[in-house]
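Participant: What follows is the file final_19.pdb, containing PDB, C-alpha atoms, pLDDT in the B column:
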```
ATOM      1  CA  ALA A   1      10.448 -28.866   8.428  1.00 71.00           C
ATOM      2  CA  ILE A   2      11.447 -25.360   7.474  1.00 73.00           C
ATOM      3  CA  LEU A   3       9.112 -23.362   5.272  1.00 70.00           C
ATOM      4  CA  ASP A   4      10.578 -20.411   3.416  1.00 78.00           C
ATOM      5  CA  GLY A   5       7.915 -17.775   2.962  1.00 76.00           C
ATOM      6  CA  GLY A   6      10.352 -15.335   1.363  1.00 75.00           C
ATOM      7  CA  PRO A   7      11.457 -12.006   2.757  1.00 72.00           C
ATOM      8  CA  CYS A   8       9.539 -10.689   5.733  1.00 72.00           C
ATOM      9  CA  ALA A   9       7.521  -7.527   5.100  1.00 76.00           C
ATOM     10  CA  VAL A  10       8.650  -6.031   8.430  1.00 77.00           C
ATOM     11  CA  GLY A  11      12.106  -7.552   8.848  1.00 77.00           C
ATOM     12  CA  VAL A  12      12.699  -7.182  12.580  1.00 80.00           C
ATOM     13  CA  GLU A  13      11.008  -9.249  15.228  1.00 78.00           C
ATOM     14  CA  SER A  14       7.813  -8.293  16.992  1.00 81.00           C
ATOM     15  CA  THR A  15       7.496  -5.651  19.660  1.00 85.00           C
ATOM     16  CA  ILE A  16       7.181  -7.147  23.150  1.00 85.00           C
ATOM     17  CA  VAL A  17       5.141  -5.125  25.632  1.00 89.00           C
ATOM     18  CA  GLU A  18       4.774  -5.947  29.341  1.00 88.00           C
ATOM     19  CA  LEU A  19       1.270  -5.017  30.511  1.00 89.00           C
ATOM     20  CA  SER A  20       1.173  -6.719  33.919  1.00 88.00           C
ATOM     21  CA  GLY A  21       2.607  -3.802  35.900  1.00 85.00           C
ATOM     22  CA  PHE A  22       1.381  -0.326  36.792  1.00 88.00           C
ATOM     23  CA  GLU A  23       2.471   1.145  33.455  1.00 90.00           C
ATOM     24  CA  PRO A  24       3.124  -0.426  30.036  1.00 91.00           C
ATOM     25  CA  GLU A  25       6.747  -1.234  29.349  1.00 89.00           C
ATOM     26  CA  VAL A  26       8.358  -2.081  26.005  1.00 87.00           C
ATOM     27  CA  LEU A  27      10.699  -4.999  26.606  1.00 85.00           C
ATOM     28  CA  ARG A  28      11.834  -5.248  22.983  1.00 83.00           C
ATOM     29  CA  PRO A  29      11.235  -2.616  20.281  1.00 84.00           C
ATOM     30  CA  GLY A  30       9.983  -4.155  17.063  1.00 83.00           C
ATOM     31  CA  GLY A  31       7.604  -3.761  14.172  1.00 84.00           C
ATOM     32  CA  VAL A  32       5.063  -1.790  16.214  1.00 87.00           C
ATOM     33  CA  SER A  33       6.618   1.546  17.137  1.00 86.00           C
ATOM     34  CA  ILE A  34       6.520   3.293  20.514  1.00 87.00           C
ATOM     35  CA  GLU A  35       4.593   6.080  18.791  1.00 90.00           C
ATOM     36  CA  ARG A  36       1.898   3.653  17.585  1.00 91.00           C
ATOM     37  CA  LEU A  37       1.712   1.972  20.994  1.00 91.00           C
ATOM     38  CA  SER A  38       1.206   5.388  22.588  1.00 92.00           C
ATOM     39  CA  GLU A  39      -1.737   6.041  20.267  1.00 94.00           C
ATOM     40  CA  VAL A  40      -3.366   2.692  21.048  1.00 92.00           C
ATOM     41  CA  LEU A  41      -2.650   2.635  24.800  1.00 92.00           C
ATOM     42  CA  GLY A  42      -3.394   6.309  25.443  1.00 92.00           C
ATOM     43  CA  THR A  43      -0.094   6.618  27.300  1.00 92.00           C
ATOM     44  CA  THR A  44       3.545   6.400  26.283  1.00 91.00           C
ATOM     45  CA  PRO A  45       5.028   3.108  27.444  1.00 91.00           C
ATOM     46  CA  ARG A  46       8.446   3.272  29.022  1.00 85.00           C
ATOM     47  CA  LEU A  47      11.327   1.445  27.391  1.00 79.00           C
ATOM     48  CA  TRP A  48      12.935  -1.331  29.436  1.00 75.00           C
ATOM     49  CA  LEU A  49      16.608  -0.460  29.731  1.00 66.00           C
ATOM     50  CA  GLY A  50      17.946  -3.943  30.230  1.00 63.00           C
ATOM     51  CA  ASP A  51      18.475  -3.789  33.986  1.00 59.00           C
ATOM     52  CA  GLY A  52      18.416  -7.330  35.377  1.00 57.00           C
ATOM     53  CA  ASP A  53      17.690 -10.619  33.650  1.00 63.00           C
ATOM     54  CA  ALA A  54      16.261 -10.869  30.148  1.00 60.00           C
ATOM     55  CA  ARG A  55      12.491 -10.960  30.490  1.00 62.00           C
ATOM     56  CA  ALA A  56      11.609 -11.980  26.933  1.00 63.00           C
ATOM     57  CA  PRO A  57      13.247 -13.543  23.846  1.00 59.00           C
ATOM     58  CA  GLY A  58      15.912 -11.479  22.086  1.00 58.00           C
ATOM     59  CA  MET A  59      16.683  -9.320  25.112  1.00 57.00           C
ATOM     60  CA  LEU A  60      20.220 -10.390  25.902  1.00 56.00           C
ATOM     61  CA  ALA A  61      22.668  -7.490  26.061  1.00 53.00           C
ATOM     62  CA  SER A  62      24.511  -8.946  23.067  1.00 53.00           C
ATOM     63  CA  HIS A  63      22.371 -10.480  20.373  1.00 57.00           C
ATOM     64  CA  TYR A  64      21.744 -10.493  16.621  1.00 65.00           C
ATOM     65  CA  ALA A  65      25.460 -10.339  15.862  1.00 72.00           C
ATOM     66  CA  PRO A  66      27.238 -11.354  12.663  1.00 85.00           C
ATOM     67  CA  LYS A  67      30.809 -12.671  12.808  1.00 90.00           C
ATOM     68  CA  ALA A  68      32.134  -9.206  11.898  1.00 92.00           C
ATOM     69  CA  ARG A  69      32.662  -6.699  14.687  1.00 94.00           C
ATOM     70  CA  ILE A  70      30.058  -3.948  14.419  1.00 95.00           C
ATOM     71  CA  GLU A  71      31.002  -0.333  15.020  1.00 95.00           C
ATOM     72  CA  VAL A  72      28.370   2.391  15.017  1.00 95.00           C
ATOM     73  CA  VAL A  73      29.604   5.558  13.277  1.00 96.00           C
ATOM     74  CA  SER A  74      28.075   8.763  11.995  1.00 96.00           C
ATOM     75  CA  ALA A  75      27.783   9.270   8.236  1.00 95.00           C
ATOM     76  CA  LYS A  76      30.382  12.055   8.398  1.00 95.00           C
ATOM     77  CA  ASP A  77      32.895   9.856  10.288  1.00 96.00           C
ATOM     78  CA  ALA A  78      32.431   6.662   8.227  1.00 96.00           C
ATOM     79  CA  CYS A  79      35.162   7.414   5.644  1.00 96.00           C
ATOM     80  CA  ALA A  80      37.788   8.370   8.222  1.00 96.00           C
ATOM     81  CA  ARG A  81      37.047   5.305  10.357  1.00 97.00           C
ATOM     82  CA  ALA A  82      37.165   3.025   7.307  1.00 97.00           C
ATOM     83  CA  GLU A  83      40.494   4.567   6.271  1.00 96.00           C
ATOM     84  CA  ALA A  84      41.905   3.866   9.741  1.00 96.00           C
ATOM     85  CA  LEU A  85      40.881   0.193   9.574  1.00 97.00           C
ATOM     86  CA  ILE A  86      41.533  -0.949   5.986  1.00 95.00           C
ATOM     87  CA  SER A  87      45.238  -1.659   6.353  1.00 93.00           C
ATOM     88  CA  ALA A  88      44.590  -4.488   8.796  1.00 94.00           C
ATOM     89  CA  GLU A  89      40.951  -5.558   8.352  1.00 96.00           C
ATOM     90  CA  VAL A  90      38.292  -6.264   5.738  1.00 97.00           C
ATOM     91  CA  VAL A  91      35.831  -3.400   6.228  1.00 97.00           C
ATOM     92  CA  GLY A  92      32.230  -2.984   5.134  1.00 97.00           C
ATOM     93  CA  VAL A  93      29.655  -0.235   5.536  1.00 97.00           C
ATOM     94  CA  LEU A  94      25.902  -0.376   6.089  1.00 97.00           C
ATOM     95  CA  ALA A  95      24.072   2.955   6.077  1.00 97.00           C
ATOM     96  CA  PRO A  96      20.673   4.413   5.217  1.00 96.00           C
ATOM     97  CA  CYS A  97      22.180   6.173   2.183  1.00 95.00           C
ATOM     98  CA  GLU A  98      25.288   5.769   0.049  1.00 94.00           C
ATOM     99  CA  ILE A  99      28.442   7.084   1.756  1.00 95.00           C
ATOM    100  CA  GLU A 100      30.497   9.074  -0.753  1.00 93.00           C
ATOM    101  CA  GLY A 101      34.288   8.890  -0.667  1.00 94.00           C
ATOM    102  CA  LEU A 102      34.794   5.458   0.916  1.00 94.00           C
ATOM    103  CA  PRO A 103      38.341   4.276   0.304  1.00 92.00           C
ATOM    104  CA  PRO A 104      38.666   1.409  -2.210  1.00 91.00           C
ATOM    105  CA  PRO A 105      38.680  -1.900  -0.697  1.00 95.00           C
ATOM    106  CA  VAL A 106      35.776  -0.956   1.625  1.00 96.00           C
ATOM    107  CA  ILE A 107      32.722  -3.015   0.770  1.00 96.00           C
ATOM    108  CA  SER A 108      29.440  -1.140   0.717  1.00 95.00           C
ATOM    109  CA  LEU A 109      26.504  -3.383   1.543  1.00 95.00           C
ATOM    110  CA  GLY A 110      24.332  -0.922  -0.361  1.00 91.00           C
ATOM    111  CA  PRO A 111      22.119   1.856   0.950  1.00 93.00           C
ATOM    112  CA  ALA A 112      19.482   0.506   3.321  1.00 94.00           C
ATOM    113  CA  GLY A 113      17.089   3.384   2.632  1.00 94.00           C
ATOM    114  CA  SER A 114      14.221   4.410   4.879  1.00 95.00           C
ATOM    115  CA  PRO A 115      13.945   3.020   8.429  1.00 94.00           C
ATOM    116  CA  ALA A 116      11.236   0.597   7.229  1.00 93.00           C
ATOM    117  CA  ASN A 117      13.441  -0.626   4.391  1.00 94.00           C
ATOM    118  CA  PHE A 118      16.456  -0.824   6.735  1.00 95.00           C
ATOM    119  CA  ALA A 119      14.378  -3.090   9.011  1.00 92.00           C
ATOM    120  CA  ARG A 120      13.382  -5.321   6.084  1.00 92.00           C
ATOM    121  CA  LEU A 121      17.002  -5.659   4.912  1.00 92.00           C
ATOM    122  CA  LEU A 122      18.787  -5.800   8.254  1.00 93.00           C
ATOM    123  CA  TYR A 123      19.310  -9.532   8.713  1.00 89.00           C
ATOM    124  CA  ALA A 124      20.010 -10.161   5.025  1.00 91.00           C
ATOM    125  CA  ARG A 125      22.716  -7.478   5.163  1.00 94.00           C
ATOM    126  CA  LEU A 126      24.218  -8.960   8.347  1.00 93.00           C
ATOM    127  CA  ARG A 127      24.345 -12.375   6.662  1.00 92.00           C
ATOM    128  CA  ALA A 128      25.931 -10.722   3.596  1.00 94.00           C
ATOM    129  CA  ALA A 129      28.631  -9.288   5.873  1.00 95.00           C
ATOM    130  CA  ASP A 130      29.447 -12.842   6.959  1.00 94.00           C
ATOM    131  CA  ARG A 131      29.467 -14.172   3.376  1.00 95.00           C
ATOM    132  CA  LYS A 132      31.836 -11.389   2.297  1.00 96.00           C
ATOM    133  CA  GLY A 133      34.234 -12.212   5.150  1.00 96.00           C
ATOM    134  CA  LEU A 134      34.099  -8.794   6.781  1.00 97.00           C
ATOM    135  CA  ASP A 135      36.150  -8.252   9.924  1.00 97.00           C
ATOM    136  CA  VAL A 136      34.421  -4.953  10.729  1.00 97.00           C
ATOM    137  CA  LEU A 137      31.037  -3.600   9.701  1.00 97.00           C
ATOM    138  CA  LEU A 138      30.687   0.151  10.106  1.00 97.00           C
ATOM    139  CA  VAL A 139      27.021   1.006  10.603  1.00 97.00           C
ATOM    140  CA  VAL A 140      25.282   4.354  10.286  1.00 97.00           C
ATOM    141  CA  LEU A 141      22.031   4.114  12.241  1.00 96.00           C
ATOM    142  CA  PRO A 142      18.604   5.167  10.978  1.00 95.00           C
ATOM    143  CA  PRO A 143      16.649   7.856  12.887  1.00 94.00           C
ATOM    144  CA  ASP A 144      15.476   6.859  16.376  1.00 91.00           C
ATOM    145  CA  GLU A 145      11.778   6.955  15.570  1.00 89.00           C
ATOM    146  CA  GLY A 146       9.213   4.442  14.403  1.00 89.00           C
ATOM    147  CA  ILE A 147      10.715   1.146  13.312  1.00 92.00           C
ATOM    148  CA  GLY A 148      14.107   2.854  13.196  1.00 92.00           C
ATOM    149  CA  SER A 149      14.170   2.418  17.003  1.00 90.00           C
ATOM    150  CA  ALA A 150      13.951  -1.354  16.588  1.00 90.00           C
ATOM    151  CA  VAL A 151      16.760  -1.358  13.995  1.00 92.00           C
ATOM    152  CA  ARG A 152      18.924   0.749  16.318  1.00 92.00           C
ATOM    153  CA  ASP A 153      18.174  -1.659  19.194  1.00 88.00           C
ATOM    154  CA  ARG A 154      19.234  -4.722  17.162  1.00 88.00           C
ATOM    155  CA  LEU A 155      22.418  -3.048  15.928  1.00 91.00           C
ATOM    156  CA  ALA A 156      23.322  -1.774  19.404  1.00 87.00           C
ATOM    157  CA  ARG A 157      22.994  -5.336  20.729  1.00 82.00           C
ATOM    158  CA  ALA A 158      25.084  -6.685  17.862  1.00 86.00           C
ATOM    159  CA  ALA A 159      27.786  -4.070  18.545  1.00 87.00           C
ATOM    160  CA  ARG A 160      28.032  -5.130  22.212  1.00 82.00           C
ATOM    161  CA  ARG A 161      29.126  -8.716  21.571  1.00 69.00           C
TER     162      ARG A 161
END
```
The structure given in the file should be rewritten as structure tokens.
Facilitator:
Amino acid sequence: AILDGGPCAVGVESTIVELSGFEPEVLRPGGVSIERLSEVLGTTPRLWLGDGDARAPGMLASHYAPKARIEVVSAKDACARAEALISAEVVGVLAPCEIEGLPPPVISLGPAGSPANFARLLYARLRAADRKGLDVLLVVLPPDEGIGSAVRDRLARAARR
């Protein structure tokens, strides 16, 4: 049976922390930020950099990917990159805020907003990219702090496929 409880309040999966070694290590960034873990643990856990085999679910180098190729771009480079791609591919954009000046057939998936809102919307927006038949999804990342780190992690994995 599958129960649909509606949209998740957090959006991204849980944080996975390894506590069996000498120092705490974040294996997968998630809903609990590194900053919050530091407060609770009294020390800043190090971030596992993916060296070696996956040690927990969702840790493969390439994961969380829609059918569209994901390219990470800056907000200032999004229009130029979209312009370079639109003659041959169906292009979409996902960013924290609206990108002004996108060339017309580019599909905006709508502003994702704050890092917390971006996390809540992430998978719905990736599924929307598939439904819209995008070949390329240009993504502007949220800040690398709080839950924004988890969103960046998921999008970096999706871009590596």
Participant: Tell me, as a PyMOL selection string, which residues lie within 10 Å of A:Gly11, counting only C-alpha atoms; anything in the same chain fewer than 3 positions away does not count.
Facilitator: chain A and resi 7-8+14+30-31+116-124+147+151
Participant: From the list A:Leu47, A:Val140, A:Val12, A:Ala129, which residue is nearest A:Pro24 when using all atoms listed in the file?
Facilitator: A:Leu47
Participant: How would you write as a short mmCIF file (atom, residue, chain, number, x, y, z; two decimals) with C-alpha atoms, in the frame of the given file the residues that get within 12 Å of (32.0, -1.9, -1.4) in the file's frame, counting all atoms listed in the file?
Facilitator:
```
data_model
loop_
_atom_site.label_atom_id
_atom_site.label_comp_id
_atom_site.auth_asym_id
_atom_site.auth_seq_id
_atom_site.Cartn_x
_atom_site.Cartn_y
_atom_site.Cartn_z
CA ALA A 82 37.16 3.02 7.31
CA VAL A 90 38.29 -6.26 5.74
CA VAL A 91 35.83 -3.40 6.23
CA GLY A 92 32.23 -2.98 5.13
CA VAL A 93 29.66 -0.24 5.54
CA LEU A 94 25.90 -0.38 6.09
CA ALA A 95 24.07 2.96 6.08
CA GLU A 98 25.29 5.77 0.05
CA ILE A 99 28.44 7.08 1.76
CA GLU A 100 30.50 9.07 -0.75
CA GLY A 101 34.29 8.89 -0.67
CA LEU A 102 34.79 5.46 0.92
CA PRO A 103 38.34 4.28 0.30
CA PRO A 104 38.67 1.41 -2.21
CA PRO A 105 38.68 -1.90 -0.70
CA VAL A 106 35.78 -0.96 1.62
CA ILE A 107 32.72 -3.02 0.77
CA SER A 108 29.44 -1.14 0.72
CA LEU A 109 26.50 -3.38 1.54
CA GLY A 110 24.33 -0.92 -0.36
CA PRO A 111 22.12 1.86 0.95
CA ALA A 128 25.93 -10.72 3.60
CA ALA A 129 28.63 -9.29 5.87
CA LYS A 132 31.84 -11.39 2.30
CA LEU A 134 34.10 -8.79 6.78
CA LEU A 137 31.04 -3.60 9.70
CA LEU A 138 30.69 0.15 10.11
#
```
Participant: Tell me, in Å to one decimal, how far atom CA of A:Ala156 is from atom CA of A:Thr44.
Facilitator: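 Separating atom CA of A:Ala156 from atom CA of A:Thr44 is a distance of 22.5 Å.
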Participant: To one decimal in Å, tell me the separation between atom CA of A:Gly133 and atom CA of A:Ala1.
Facilitator: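 Result for atom CA of A:Gly133 versus atom CA of A:Ala1: 29.2 Å, one decimal.
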Participant: Which residues of stretch 96-133 of chain A sit at most 7 Å from stretch 65-71 of chain A, using all atoms listed in the file? Give each one's shortest atom pair and distance in Å (one decimal place), in chain and ascending residue order, as a tab-separated table.
Facilitator:
```
residue	atom	partner	partner_atom	distance
A:Leu126	CA	A:Pro66	CA	5.8
A:Arg127	CA	A:Pro66	CA	6.7
A:Ala129	CA	A:Ala68	CA	7.0
A:Asp130	CA	A:Lys67	CA	6.0
```
Participant: Keeping C-alpha atoms for every residue in the selection just given, could you write it to a file as a PDB file, in the frame of the given file?
Facilitator:
```
ATOM      1  CA  LEU A 126      24.218  -8.960   8.347  1.00 93.00           C
ATOM      2  CA  ARG A 127      24.345 -12.375   6.662  1.00 92.00           C
ATOM      3  CA  ALA A 129      28.631  -9.288   5.873  1.00 95.00           C
ATOM      4  CA  ASP A 130      29.447 -12.842   6.959  1.00 94.00           C
TER       5      ASP A 130
END
```
Participant: Find, counting all atoms listed in the file, the residue in A:Pro142, A:Pro96, A:Gly148, A:Gly42 that gets nearest to A:Val10.
Facilitator: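 Counting all atoms listed in the file, the residue closest to A:Val10 is A:Gly148.
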Participant: One decimal, Å: what's the distance from atom CA of A:Ala80 over to atom CA of A:Cys97, could you say?
Facilitator: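 These atoms are spaced 16.9 Å apart.
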Participant: Can you tell me which residues surround A:Arg152 at a distance of at most 9 Å, considering only C-alpha atoms, apart from same-chain residues fewer than 6 positions away, and format the answer as a ChimeraX atom specification?
Facilitator: /A:141-144
Participant: Measuring atom to atom with all atoms listed in the file, identify which of A:Ser87, A:Ser74, A:Ser149, A:Thr43 is nearest to A:Pro29.
Facilitator: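 The closest residue to A:Pro29 is A:Ser149.
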Participant: From the list A:Val73, A:Leu155, A:Val136, A:Val32, which residue is nearest A:Leu85 when using only C-alpha atoms?
Facilitator: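 Nearest candidate to A:Leu85 out of A:Val73, A:Leu155, A:Val136, A:Val32: A:Val136.
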Participant: Report as a list in words the full result of the PyMOL selection byres ((chain A and resi 46) around 10) when it is applied to this structure.
Facilitator: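 After applying the PyMOL selection byres ((chain A and resi 46) around 10), what remains is Val17, Glu18, Glu23, Pro24, Glu25, Val26, Leu27, Ile34, Ser38, Thr43, Thr44, Pro45, Leu47, Trp48 and Leu49 of chain A.
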Participant: So which one's closest to A:Val139, A:Cys79, A:Ala88, A:Leu19, A:Leu3? Using all atoms listed in the file, please.
Facilitator: A:Cys79
Participant: Report as JSON the centre and the edge lengths, in Å to one decimal, of the axis-aligned box holding every listed atom of stretch 77-80 of chain A, padded by 5 Å on each side.
Facilitator:
```
{"center_x": 35.1, "center_y": 8.3, "center_z": 8.0, "size_x": 15.4, "size_y": 13.2, "size_z": 14.6}
```
Participant: Ranking A:Gly146, A:Asp135, A:Gly113, A:Val72 by minimum distance to A:Arg160 and counting all atoms listed in the file, which one comes first?
Facilitator: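 Smallest separation from A:Arg160 among the options: A:Val72.
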